[in-house]
Amino acid sequence: MCREEALDVTSLLNEKDSFSRFKLLAVIKEVAPTKKCPDDGCLGVSDFATKYFPDGDVFHEPGGGFWEALGNRRVTQQKLSTYNPIKLYRGAKEIGRRQSAKGIEGNLAGEGIVQGGIVVFNGSGDVEYVYKEKTGYQIPRDEIVEVLDRIVGE
């Protein structure tokens, strides 16, 4: 899901000229080599950076401080919206269609269990907004635009 979130945040910041003052930073948990991937071609960090986060910088933070600040949440801890297997299947297919329509491809080679999020800082460096990733859901664009507009107006 991080590829979709990265692509959506990038496109969101390109919606208004006033948003050009914001800097995009992505924090990643792992770089190659890993147990699954001997090199970056397998893991896909440079693919993520160039295709899905082209207007931002990507930083490796192995200590886990970013995820700790977001609550060290895991996909396995997220409550399901339903326990109906047919609805779960349809939901998974819908996510696949949505990502395919955006041109998003994934290799599922990364860790993938720890959930991330979006943190918006104001001009003073204070946290202005936090969105904790919800697997399968799109980012709350309207909320983020509202926060960015408020910061621009300061």
# chains A, B, ... in the order shown; residues from 1 in each chain; ligands from 1

$ residues_around --residues "A:Phe59" --least-positions-apart "2" --cutoff "7 Å" --atoms "only C-alpha atoms" --output "short mmCIF file (atom, residue, chain, number, x, y, z; two decimals) with all heavy atoms, in the first residue's frame"
data_model
loop_
_atom_site.label_atom_id
_atom_site.label_comp_id
_atom_site.auth_asym_id
_atom_site.auth_seq_id
_atom_site.Cartn_x
_atom_site.Cartn_y
_atom_site.Cartn_z
N ALA A 26 10.14 10.25 2.39
CA ALA A 26 9.65 8.90 2.69
C ALA A 26 10.67 8.22 3.58
O ALA A 26 11.88 8.38 3.39
CB ALA A 26 9.46 8.11 1.40
N VAL A 27 10.18 7.49 4.54
CA VAL A 27 11.04 6.74 5.44
C VAL A 27 10.80 5.27 5.18
O VAL A 27 9.66 4.79 5.22
CB VAL A 27 10.72 7.08 6.92
CG1 VAL A 27 11.63 6.31 7.85
CG2 VAL A 27 10.85 8.58 7.16
N ILE A 28 11.87 4.54 4.88
CA ILE A 28 11.75 3.11 4.62
C ILE A 28 12.47 2.32 5.70
O ILE A 28 13.40 2.80 6.32
CB ILE A 28 12.27 2.73 3.23
CG1 ILE A 28 13.75 3.10 3.08
CG2 ILE A 28 11.43 3.39 2.14
CD1 ILE A 28 14.39 2.58 1.82
N ASP A 57 12.32 12.66 -1.34
CA ASP A 57 13.55 11.97 -0.97
C ASP A 57 13.20 10.78 -0.10
O ASP A 57 12.28 10.83 0.72
CB ASP A 57 14.48 12.92 -0.19
CG ASP A 57 14.95 14.09 -1.03
OD1 ASP A 57 15.26 13.88 -2.22
OD2 ASP A 57 14.98 15.21 -0.51
N GLU A 61 15.61 4.29 7.65
CA GLU A 61 15.63 4.49 9.10
C GLU A 61 15.50 3.13 9.78
O GLU A 61 14.39 2.68 10.09
CB GLU A 61 14.47 5.42 9.49
CG GLU A 61 14.67 6.14 10.81
CD GLU A 61 14.26 5.29 12.00
OE1 GLU A 61 13.08 5.06 12.19
OE2 GLU A 61 15.16 4.89 12.75
#

$ select_by_dssp --residues "stretch 72-113 of chain A" --states "alpha helix (DSSP H)" --output "CSV table (one decimal) with all heavy atoms, in the first residue's frame"
chain,number,residue,atom,x,y,z
A,85,PRO,N,-16.0,-13.9,4.0
A,85,PRO,CA,-15.0,-14.2,3.0
A,85,PRO,C,-15.3,-13.6,1.6
A,85,PRO,O,-14.3,-13.2,0.9
A,85,PRO,CB,-14.9,-15.7,3.0
A,85,PRO,CG,-16.1,-16.2,3.7
A,85,PRO,CD,-16.6,-15.1,4.5
A,86,ILE,N,-16.5,-13.6,1.3
A,86,ILE,CA,-16.9,-13.0,-0.1
A,86,ILE,C,-16.6,-11.5,-0.1
A,86,ILE,O,-16.0,-11.0,-1.1
A,86,ILE,CB,-18.3,-13.3,-0.4
A,86,ILE,CG1,-18.5,-14.9,-0.6
A,86,ILE,CG2,-18.8,-12.6,-1.7
A,86,ILE,CD1,-19.9,-15.3,-0.7
A,87,LYS,N,-17.0,-10.8,0.9
A,87,LYS,CA,-16.7,-9.4,1.0
A,87,LYS,C,-15.2,-9.1,1.1
A,87,LYS,O,-14.7,-8.1,0.5
A,87,LYS,CB,-17.4,-8.7,2.2
A,87,LYS,CG,-18.9,-8.6,2.0
A,87,LYS,CD,-19.5,-7.9,3.2
A,87,LYS,CE,-21.0,-7.8,2.9
A,87,LYS,NZ,-21.7,-7.0,4.0
A,88,LEU,N,-14.4,-9.9,1.8
A,88,LEU,CA,-13.0,-9.8,1.9
A,88,LEU,C,-12.4,-10.0,0.5
A,88,LEU,O,-11.5,-9.2,0.1
A,88,LEU,CB,-12.4,-10.8,2.9
A,88,LEU,CG,-12.7,-10.5,4.3
A,88,LEU,CD1,-12.2,-11.7,5.2
A,88,LEU,CD2,-12.0,-9.2,4.8
A,89,TYR,N,-12.8,-11.0,-0.2
A,89,TYR,CA,-12.3,-11.2,-1.6
A,89,TYR,C,-12.6,-10.1,-2.5
A,89,TYR,O,-11.8,-9.6,-3.2
A,89,TYR,CB,-12.9,-12.5,-2.1
A,89,TYR,CG,-12.6,-12.8,-3.6
A,89,TYR,CD1,-11.3,-13.3,-3.9
A,89,TYR,CD2,-13.5,-12.5,-4.6
A,89,TYR,CE1,-11.0,-13.6,-5.2
A,89,TYR,CE2,-13.2,-12.8,-5.9
A,89,TYR,CZ,-11.9,-13.3,-6.2
A,89,TYR,OH,-11.6,-13.5,-7.5
A,90,ARG,N,-13.9,-9.6,-2.4
A,90,ARG,CA,-14.3,-8.4,-3.3
A,90,ARG,C,-13.4,-7.2,-2.9
A,90,ARG,O,-13.1,-6.4,-3.8
A,90,ARG,CB,-15.8,-8.1,-3.1
A,90,ARG,CG,-16.6,-9.1,-3.8
A,90,ARG,CD,-18.1,-8.8,-3.6
A,90,ARG,NE,-18.9,-9.8,-4.3
A,90,ARG,CZ,-20.2,-10.0,-3.9
A,90,ARG,NH1,-20.7,-9.3,-2.9
A,90,ARG,NH2,-20.9,-10.9,-4.5
A,91,GLY,N,-13.2,-7.0,-1.7
A,91,GLY,CA,-12.4,-5.9,-1.2
A,91,GLY,C,-11.0,-5.9,-1.8
A,91,GLY,O,-10.4,-5.0,-2.3
A,92,ALA,N,-10.4,-7.1,-1.7
A,92,ALA,CA,-9.0,-7.3,-2.2
A,92,ALA,C,-9.0,-7.1,-3.7
A,92,ALA,O,-8.0,-6.5,-4.3
A,92,ALA,CB,-8.5,-8.7,-1.9
A,93,LYS,N,-10.0,-7.6,-4.4
A,93,LYS,CA,-10.1,-7.4,-5.9
A,93,LYS,C,-10.2,-5.9,-6.2
A,93,LYS,O,-9.6,-5.4,-7.2
A,93,LYS,CB,-11.2,-8.2,-6.5
A,93,LYS,CG,-11.1,-9.7,-6.4
A,93,LYS,CD,-9.9,-10.2,-7.2
A,93,LYS,CE,-10.2,-10.3,-8.7
A,93,LYS,NZ,-9.1,-10.8,-9.5
A,94,GLU,N,-11.0,-5.2,-5.4
A,94,GLU,CA,-11.2,-3.7,-5.6
A,94,GLU,C,-9.9,-3.0,-5.4
A,94,GLU,O,-9.5,-2.1,-6.2
A,94,GLU,CB,-12.3,-3.2,-4.7
A,94,GLU,CG,-12.4,-1.7,-4.8
A,94,GLU,CD,-12.7,-1.2,-6.2
A,94,GLU,OE1,-13.4,-1.9,-7.0
A,94,GLU,OE2,-12.3,-0.1,-6.6
A,95,ILE,N,-9.1,-3.4,-4.4
A,95,ILE,CA,-7.8,-2.7,-4.2
A,95,ILE,C,-6.9,-3.0,-5.4
A,95,ILE,O,-6.2,-2.1,-5.9
A,95,ILE,CB,-7.2,-3.3,-2.9
A,95,ILE,CG1,-7.9,-2.8,-1.7
A,95,ILE,CG2,-5.7,-2.8,-2.8
A,95,ILE,CD1,-7.5,-3.5,-0.4
A,96,GLY,N,-6.9,-4.2,-5.9
A,96,GLY,CA,-6.1,-4.6,-7.1
A,96,GLY,C,-6.5,-3.7,-8.3
A,96,GLY,O,-5.6,-3.2,-9.0
A,97,ARG,N,-7.8,-3.6,-8.5
A,97,ARG,CA,-8.3,-2.8,-9.7
A,97,ARG,C,-7.9,-1.3,-9.5
A,97,ARG,O,-7.5,-0.7,-10.5
A,97,ARG,CB,-9.8,-2.9,-9.8
A,97,ARG,CG,-10.3,-4.2,-10.5
A,97,ARG,CD,-11.8,-4.1,-10.8
A,97,ARG,NE,-12.6,-4.2,-9.6
A,97,ARG,CZ,-13.0,-5.3,-9.0
A,97,ARG,NH1,-12.6,-6.4,-9.5
A,97,ARG,NH2,-13.8,-5.2,-8.0
A,98,ARG,N,-8.0,-0.8,-8.3
A,98,ARG,CA,-7.7,0.6,-8.0
A,98,ARG,C,-6.2,0.9,-8.3
A,98,ARG,O,-5.8,1.8,-8.9
A,98,ARG,CB,-8.1,0.9,-6.6
A,98,ARG,CG,-7.9,2.4,-6.2
A,98,ARG,CD,-8.3,2.7,-4.8
A,98,ARG,NE,-7.3,2.2,-3.8
A,98,ARG,CZ,-7.6,1.6,-2.7
A,98,ARG,NH1,-8.9,1.4,-2.3
A,98,ARG,NH2,-6.7,1.2,-1.9
A,99,GLN,N,-5.4,0.0,-7.8
A,99,GLN,CA,-3.9,0.1,-8.0
A,99,GLN,C,-3.6,-0.1,-9.4
A,99,GLN,O,-2.7,0.6,-9.9
A,99,GLN,CB,-3.2,-0.8,-7.0
A,99,GLN,CG,-3.3,-0.4,-5.6
A,99,GLN,CD,-2.4,-1.1,-4.7
A,99,GLN,OE1,-1.9,-2.2,-5.0
A,99,GLN,NE2,-2.3,-0.7,-3.5
A,100,SER,N,-4.2,-1.0,-10.1
A,100,SER,CA,-3.9,-1.2,-11.5
A,100,SER,C,-4.3,0.0,-12.3
A,100,SER,O,-3.5,0.4,-13.2
A,100,SER,CB,-4.7,-2.5,-12.0
A,100,SER,OG,-4.4,-2.7,-13.3
A,101,ALA,N,-5.4,0.6,-12.0
A,101,ALA,CA,-5.8,1.8,-12.7
A,101,ALA,C,-4.8,3.0,-12.5
A,101,ALA,O,-4.7,3.8,-13.4
A,101,ALA,CB,-7.2,2.3,-12.2

$ residues_around --residues "stretch 9-22 of chain A" --least-positions-apart "4" --cutoff "9 Å" --atoms "only C-alpha atoms" --output "list in words"
Glu4, Glu5, Tyr52, Phe53, Pro54, Asp55, Gly56, Ile118, Ile139, Arg141, Ile144, Val145, Leu148, Asp149 and Val152 of chain A

$ write_last_selection --atoms "C-alpha atoms" --output "PDB file, in the first residue's frame"
ATOM      1  CA  GLU A   4      -0.235   3.906  -3.619  1.00  0.00           C
ATOM      2  CA  GLU A   5       0.066   6.323  -0.710  1.00  0.00           C
ATOM      3  CA  TYR A  52       5.888   6.379  -7.062  1.00  0.00           C
ATOM      4  CA  PHE A  53       7.743   9.091  -5.135  1.00  0.00           C
ATOM      5  CA  PRO A  54       9.589  11.072  -7.822  1.00  0.00           C
ATOM      6  CA  ASP A  55       9.210  14.454  -6.127  1.00  0.00           C
ATOM      7  CA  GLY A  56      10.519  13.356  -2.741  1.00  0.00           C
ATOM      8  CA  ILE A 118       1.780  10.361   6.763  1.00  0.00           C
ATOM      9  CA  ILE A 139      -5.311   8.429   1.996  1.00  0.00           C
ATOM     10  CA  ARG A 141      -6.987  13.612   0.589  1.00  0.00           C
ATOM     11  CA  ILE A 144      -4.548  16.550   4.075  1.00  0.00           C
ATOM     12  CA  VAL A 145      -5.435  19.369   1.650  1.00  0.00           C
ATOM     13  CA  LEU A 148      -1.768  22.044   3.899  1.00  0.00           C
ATOM     14  CA  ASP A 149      -4.019  25.001   3.081  1.00  0.00           C
ATOM     15  CA  VAL A 152       0.160  27.840   3.666  1.00  0.00           C
TER      16      VAL A 152
END

$ closest_residue --among "A:Val114, A:Val58, A:Ala6, A:Val120" --to "A:Val45" --atoms "only C-alpha atoms"
A:Val58

$ residues_around --residues "A:Phe121" --least-positions-apart "4" --cutoff "12 Å" --atoms "only C-alpha atoms" --output "PDB file with all heavy atoms, in the first residue's frame"
ATOM      1  N   ARG A  21       5.886  24.510  -1.781  1.00  0.00           N
ATOM      2  CA  ARG A  21       6.833  24.796  -0.688  1.00  0.00           C
ATOM      3  C   ARG A  21       7.037  23.597   0.243  1.00  0.00           C
ATOM      4  O   ARG A  21       7.950  23.589   1.052  1.00  0.00           O
ATOM      5  CB  ARG A  21       6.370  26.006   0.108  1.00  0.00           C
ATOM      6  CG  ARG A  21       5.096  25.758   0.914  1.00  0.00           C
ATOM      7  CD  ARG A  21       4.611  26.992   1.608  1.00  0.00           C
ATOM      8  NE  ARG A  21       4.972  26.967   3.011  1.00  0.00           N
ATOM      9  CZ  ARG A  21       4.448  27.743   3.921  1.00  0.00           C
ATOM     10  NH1 ARG A  21       3.571  28.662   3.577  1.00  0.00           N
ATOM     11  NH2 ARG A  21       4.803  27.653   5.168  1.00  0.00           N
ATOM     12  N   PHE A  22       6.181  22.587   0.128  1.00  0.00           N
ATOM     13  CA  PHE A  22       6.295  21.401   0.988  1.00  0.00           C
ATOM     14  C   PHE A  22       7.298  20.420   0.406  1.00  0.00           C
ATOM     15  O   PHE A  22       7.355  20.216  -0.794  1.00  0.00           O
ATOM     16  CB  PHE A  22       4.937  20.713   1.160  1.00  0.00           C
ATOM     17  CG  PHE A  22       3.960  21.531   1.939  1.00  0.00           C
ATOM     18  CD1 PHE A  22       3.020  22.307   1.297  1.00  0.00           C
ATOM     19  CD2 PHE A  22       3.993  21.526   3.328  1.00  0.00           C
ATOM     20  CE1 PHE A  22       2.114  23.078   2.016  1.00  0.00           C
ATOM     21  CE2 PHE A  22       3.098  22.291   4.051  1.00  0.00           C
ATOM     22  CZ  PHE A  22       2.162  23.066   3.401  1.00  0.00           C
ATOM     23  N   LYS A  23       8.079  19.812   1.276  1.00  0.00           N
ATOM     24  CA  LYS A  23       9.079  18.821   0.875  1.00  0.00           C
ATOM     25  C   LYS A  23       8.554  17.443   1.248  1.00  0.00           C
ATOM     26  O   LYS A  23       8.071  17.240   2.359  1.00  0.00           O
ATOM     27  CB  LYS A  23      10.399  19.093   1.575  1.00  0.00           C
ATOM     28  CG  LYS A  23      11.511  18.174   1.148  1.00  0.00           C
ATOM     29  CD  LYS A  23      12.849  18.737   1.569  1.00  0.00           C
ATOM     30  CE  LYS A  23      13.993  17.854   1.197  1.00  0.00           C
ATOM     31  NZ  LYS A  23      14.195  17.684  -0.215  1.00  0.00           N
ATOM     32  N   LEU A  24       8.658  16.524   0.319  1.00  0.00           N
ATOM     33  CA  LEU A  24       8.227  15.152   0.573  1.00  0.00           C
ATOM     34  C   LEU A  24       9.399  14.295   1.016  1.00  0.00           C
ATOM     35  O   LEU A  24      10.452  14.292   0.379  1.00  0.00           O
ATOM     36  CB  LEU A  24       7.633  14.541  -0.704  1.00  0.00           C
ATOM     37  CG  LEU A  24       6.297  15.069  -1.161  1.00  0.00           C
ATOM     38  CD1 LEU A  24       5.944  14.499  -2.532  1.00  0.00           C
ATOM     39  CD2 LEU A  24       5.224  14.693  -0.157  1.00  0.00           C
ATOM     40  N   LEU A  25       9.201  13.574   2.093  1.00  0.00           N
ATOM     41  CA  LEU A  25      10.214  12.645   2.597  1.00  0.00           C
ATOM     42  C   LEU A  25       9.543  11.314   2.870  1.00  0.00           C
ATOM     43  O   LEU A  25       8.501  11.260   3.523  1.00  0.00           O
ATOM     44  CB  LEU A  25      10.832  13.160   3.897  1.00  0.00           C
ATOM     45  CG  LEU A  25      11.414  14.564   3.883  1.00  0.00           C
ATOM     46  CD1 LEU A  25      11.804  14.998   5.278  1.00  0.00           C
ATOM     47  CD2 LEU A  25      12.620  14.602   2.962  1.00  0.00           C
ATOM     48  N   GLY A 125       8.401  23.234  12.199  1.00  0.00           N
ATOM     49  CA  GLY A 125       8.877  21.881  12.446  1.00  0.00           C
ATOM     50  C   GLY A 125       8.020  21.090  13.427  1.00  0.00           C
ATOM     51  O   GLY A 125       8.389  19.994  13.826  1.00  0.00           O
ATOM     52  N   ASP A 126       6.876  21.645  13.791  1.00  0.00           N
ATOM     53  CA  ASP A 126       5.965  20.947  14.698  1.00  0.00           C
ATOM     54  C   ASP A 126       5.026  20.054  13.898  1.00  0.00           C
ATOM     55  O   ASP A 126       4.637  20.398  12.768  1.00  0.00           O
ATOM     56  CB  ASP A 126       5.130  21.951  15.500  1.00  0.00           C
ATOM     57  CG  ASP A 126       6.001  22.849  16.374  1.00  0.00           C
ATOM     58  OD1 ASP A 126       6.968  22.330  16.977  1.00  0.00           O
ATOM     59  OD2 ASP A 126       5.714  24.057  16.445  1.00  0.00           O
ATOM     60  N   VAL A 127       4.628  18.942  14.506  1.00  0.00           N
ATOM     61  CA  VAL A 127       3.689  18.038  13.845  1.00  0.00           C
ATOM     62  C   VAL A 127       2.324  18.710  13.791  1.00  0.00           C
ATOM     63  O   VAL A 127       1.777  19.122  14.809  1.00  0.00           O
ATOM     64  CB  VAL A 127       3.601  16.677  14.578  1.00  0.00           C
ATOM     65  CG1 VAL A 127       2.496  15.809  13.976  1.00  0.00           C
ATOM     66  CG2 VAL A 127       4.931  15.958  14.534  1.00  0.00           C
ATOM     67  N   GLU A 128       1.794  18.824  12.593  1.00  0.00           N
ATOM     68  CA  GLU A 128       0.508  19.468  12.364  1.00  0.00           C
ATOM     69  C   GLU A 128      -0.597  18.443  12.107  1.00  0.00           C
ATOM     70  O   GLU A 128      -1.759  18.687  12.393  1.00  0.00           O
ATOM     71  CB  GLU A 128       0.637  20.400  11.155  1.00  0.00           C
ATOM     72  CG  GLU A 128      -0.493  21.343  10.953  1.00  0.00           C
ATOM     73  CD  GLU A 128      -0.486  22.519  11.916  1.00  0.00           C
ATOM     74  OE1 GLU A 128       0.587  22.937  12.388  1.00  0.00           O
ATOM     75  OE2 GLU A 128      -1.575  23.043  12.175  1.00  0.00           O
ATOM     76  N   TYR A 129      -0.209  17.284  11.555  1.00  0.00           N
ATOM     77  CA  TYR A 129      -1.203  16.285  11.174  1.00  0.00           C
ATOM     78  C   TYR A 129      -0.537  14.915  11.106  1.00  0.00           C
ATOM     79  O   TYR A 129       0.608  14.799  10.676  1.00  0.00           O
ATOM     80  CB  TYR A 129      -1.800  16.646   9.809  1.00  0.00           C
ATOM     81  CG  TYR A 129      -2.731  15.626   9.235  1.00  0.00           C
ATOM     82  CD1 TYR A 129      -4.062  15.562   9.640  1.00  0.00           C
ATOM     83  CD2 TYR A 129      -2.292  14.705   8.286  1.00  0.00           C
ATOM     84  CE1 TYR A 129      -4.933  14.623   9.109  1.00  0.00           C
ATOM     85  CE2 TYR A 129      -3.150  13.764   7.748  1.00  0.00           C
ATOM     86  CZ  TYR A 129      -4.467  13.719   8.163  1.00  0.00           C
ATOM     87  OH  TYR A 129      -5.321  12.778   7.646  1.00  0.00           O
ATOM     88  N   VAL A 130      -1.272  13.879  11.503  1.00  0.00           N
ATOM     89  CA  VAL A 130      -0.789  12.501  11.411  1.00  0.00           C
ATOM     90  C   VAL A 130      -1.912  11.631  10.851  1.00  0.00           C
ATOM     91  O   VAL A 130      -3.048  11.686  11.312  1.00  0.00           O
ATOM     92  CB  VAL A 130      -0.364  11.945  12.790  1.00  0.00           C
ATOM     93  CG1 VAL A 130       0.026  10.472  12.680  1.00  0.00           C
ATOM     94  CG2 VAL A 130       0.780  12.753  13.374  1.00  0.00           C
ATOM     95  N   ILE A 144      -5.932  16.115   4.289  1.00  0.00           N
ATOM     96  CA  ILE A 144      -4.548  16.550   4.075  1.00  0.00           C
ATOM     97  C   ILE A 144      -4.518  17.905   3.363  1.00  0.00           C
ATOM     98  O   ILE A 144      -3.755  18.795   3.744  1.00  0.00           O
ATOM     99  CB  ILE A 144      -3.746  15.474   3.313  1.00  0.00           C
ATOM    100  CG1 ILE A 144      -3.645  14.199   4.171  1.00  0.00           C
ATOM    101  CG2 ILE A 144      -2.359  15.991   2.940  1.00  0.00           C
ATOM    102  CD1 ILE A 144      -3.097  13.002   3.440  1.00  0.00           C
ATOM    103  N   VAL A 147      -5.255  20.634   5.830  1.00  0.00           N
ATOM    104  CA  VAL A 147      -4.095  20.930   6.698  1.00  0.00           C
ATOM    105  C   VAL A 147      -3.055  21.731   5.927  1.00  0.00           C
ATOM    106  O   VAL A 147      -2.524  22.722   6.442  1.00  0.00           O
ATOM    107  CB  VAL A 147      -3.485  19.628   7.242  1.00  0.00           C
ATOM    108  CG1 VAL A 147      -2.148  19.884   7.933  1.00  0.00           C
ATOM    109  CG2 VAL A 147      -4.452  18.938   8.196  1.00  0.00           C
ATOM    110  N   LEU A 148      -2.758  21.328   4.701  1.00  0.00           N
ATOM    111  CA  LEU A 148      -1.768  22.044   3.899  1.00  0.00           C
ATOM    112  C   LEU A 148      -2.213  23.474   3.621  1.00  0.00           C
ATOM    113  O   LEU A 148      -1.413  24.409   3.703  1.00  0.00           O
ATOM    114  CB  LEU A 148      -1.493  21.298   2.595  1.00  0.00           C
ATOM    115  CG  LEU A 148      -0.906  19.889   2.720  1.00  0.00           C
ATOM    116  CD1 LEU A 148      -0.731  19.261   1.346  1.00  0.00           C
ATOM    117  CD2 LEU A 148       0.387  19.881   3.503  1.00  0.00           C
ATOM    118  N   ARG A 150      -4.133  25.273   5.476  1.00  0.00           N
ATOM    119  CA  ARG A 150      -4.012  26.005   6.741  1.00  0.00           C
ATOM    120  C   ARG A 150      -2.554  26.426   6.970  1.00  0.00           C
ATOM    121  O   ARG A 150      -2.276  27.557   7.355  1.00  0.00           O
ATOM    122  CB  ARG A 150      -4.530  25.153   7.906  1.00  0.00           C
ATOM    123  CG  ARG A 150      -4.597  25.898   9.207  1.00  0.00           C
ATOM    124  CD  ARG A 150      -5.286  25.122  10.327  1.00  0.00           C
ATOM    125  NE  ARG A 150      -4.581  23.899  10.675  1.00  0.00           N
ATOM    126  CZ  ARG A 150      -5.092  22.670  10.574  1.00  0.00           C
ATOM    127  NH1 ARG A 150      -6.320  22.481  10.136  1.00  0.00           N
ATOM    128  NH2 ARG A 150      -4.392  21.625  10.934  1.00  0.00           N
ATOM    129  N   ILE A 151      -1.613  25.525   6.705  1.00  0.00           N
ATOM    130  CA  ILE A 151      -0.195  25.837   6.893  1.00  0.00           C
ATOM    131  C   ILE A 151       0.245  26.930   5.925  1.00  0.00           C
ATOM    132  O   ILE A 151       0.965  27.855   6.297  1.00  0.00           O
ATOM    133  CB  ILE A 151       0.682  24.583   6.749  1.00  0.00           C
ATOM    134  CG1 ILE A 151       0.392  23.604   7.883  1.00  0.00           C
ATOM    135  CG2 ILE A 151       2.174  24.943   6.717  1.00  0.00           C
ATOM    136  CD1 ILE A 151       1.033  22.233   7.700  1.00  0.00           C
ATOM    137  N   VAL A 152      -0.189  26.832   4.673  1.00  0.00           N
ATOM    138  CA  VAL A 152       0.160  27.840   3.666  1.00  0.00           C
ATOM    139  C   VAL A 152      -0.362  29.212   4.092  1.00  0.00           C
ATOM    140  O   VAL A 152       0.300  30.223   3.894  1.00  0.00           O
ATOM    141  CB  VAL A 152      -0.396  27.443   2.278  1.00  0.00           C
ATOM    142  CG1 VAL A 152      -0.323  28.608   1.300  1.00  0.00           C
ATOM    143  CG2 VAL A 152       0.359  26.248   1.732  1.00  0.00           C
TER     144      VAL A 152
END

$ closest_residue --among "A:Leu70, A:Ile113, A:Cys2, A:Leu43" --to "A:Lys132" --atoms "only C-alpha atoms"
A:Leu70

$ atom_distance --atom1 "atom CA of A:Gly41" --atom2 "atom CA of A:Ile104"
16.5 Å

$ atom_distance --atom1 "atom CA of A:Trp67" --atom2 "atom CA of A:Gln115"
7.5 Å

$ select_by_dssp --residues "stretch 1-135 of chain A" --states "strand (DSSP E)" --output "mmCIF file with C-alpha atoms, in the first residue's frame"
data_model
loop_
_atom_site.group_PDB
_atom_site.id
_atom_site.type_symbol
_atom_site.label_atom_id
_atom_site.label_comp_id
_atom_site.auth_asym_id
_atom_site.auth_seq_id
_atom_site.Cartn_x
_atom_site.Cartn_y
_atom_site.Cartn_z
ATOM 1 C CA LEU A 24 8.227 15.152 0.573
ATOM 2 C CA LEU A 25 10.214 12.645 2.597
ATOM 3 C CA ALA A 26 9.652 8.903 2.688
ATOM 4 C CA VAL A 27 11.039 6.740 5.444
ATOM 5 C CA ILE A 28 11.748 3.110 4.620
ATOM 6 C CA GLY A 56 10.519 13.356 -2.741
ATOM 7 C CA ASP A 57 13.549 11.970 -0.969
ATOM 8 C CA VAL A 58 13.720 8.464 0.475
ATOM 9 C CA PHE A 59 15.546 7.777 3.733
ATOM 10 C CA HIS A 60 16.432 4.488 5.378
ATOM 11 C CA GLY A 117 1.540 6.695 7.664
ATOM 12 C CA ILE A 118 1.780 10.361 6.763
ATOM 13 C CA VAL A 119 3.106 13.081 9.034
ATOM 14 C CA VAL A 120 2.766 16.745 8.087
ATOM 15 C CA PHE A 121 5.011 19.306 9.769
ATOM 16 C CA VAL A 127 3.689 18.038 13.845
ATOM 17 C CA GLU A 128 0.508 19.468 12.364
ATOM 18 C CA TYR A 129 -1.203 16.285 11.174
ATOM 19 C CA VAL A 130 -0.789 12.501 11.411
ATOM 20 C CA TYR A 131 -2.486 9.844 9.313
ATOM 21 C CA LYS A 132 -1.881 6.254 10.361
#

$ decode --residues "stretch 1-15 of chain A" --atoms "N, CA and C atoms" --output "compact mmCIF listing (two decimals), in the first residue's frame"
# COMPACT_ATOMS: atom_id res chain seq x y z
N MET A 1 0.81 -1.20 0.00
CA MET A 1 0.00 0.00 0.00
C MET A 1 0.85 1.26 0.00
N CYS A 2 2.09 1.17 0.45
CA CYS A 2 2.90 2.39 0.53
C CYS A 2 3.13 3.00 -0.84
N ARG A 3 3.15 2.18 -1.88
CA ARG A 3 3.34 2.72 -3.23
C ARG A 3 2.15 3.60 -3.62
N GLU A 4 0.95 3.13 -3.30
CA GLU A 4 -0.23 3.91 -3.62
C GLU A 4 -0.27 5.20 -2.81
N GLU A 5 0.05 5.12 -1.54
CA GLU A 5 0.07 6.32 -0.71
C GLU A 5 1.10 7.32 -1.21
N ALA A 6 2.28 6.84 -1.58
CA ALA A 6 3.33 7.72 -2.08
C ALA A 6 2.89 8.42 -3.37
N LEU A 7 2.30 7.66 -4.28
CA LEU A 7 1.82 8.22 -5.54
C LEU A 7 0.72 9.25 -5.29
N ASP A 8 -0.19 8.93 -4.38
CA ASP A 8 -1.30 9.85 -4.09
C ASP A 8 -0.82 11.14 -3.42
N VAL A 9 0.12 11.04 -2.50
CA VAL A 9 0.64 12.25 -1.84
C VAL A 9 1.39 13.11 -2.85
N THR A 10 2.16 12.48 -3.72
CA THR A 10 2.89 13.22 -4.74
C THR A 10 1.91 13.97 -5.65
N SER A 11 0.86 13.29 -6.09
CA SER A 11 -0.10 13.96 -6.98
C SER A 11 -0.88 15.05 -6.23
N LEU A 12 -1.16 14.82 -4.96
CA LEU A 12 -1.86 15.81 -4.14
C LEU A 12 -1.06 17.11 -4.05
N LEU A 13 0.25 17.00 -3.85
CA LEU A 13 1.07 18.20 -3.73
C LEU A 13 1.22 18.94 -5.06
N ASN A 14 0.96 18.25 -6.14
CA ASN A 14 1.04 18.89 -7.45
C ASN A 14 -0.27 19.56 -7.86
N GLU A 15 -1.31 19.45 -7.01
CA GLU A 15 -2.61 20.02 -7.33
C GLU A 15 -2.64 21.54 -7.23
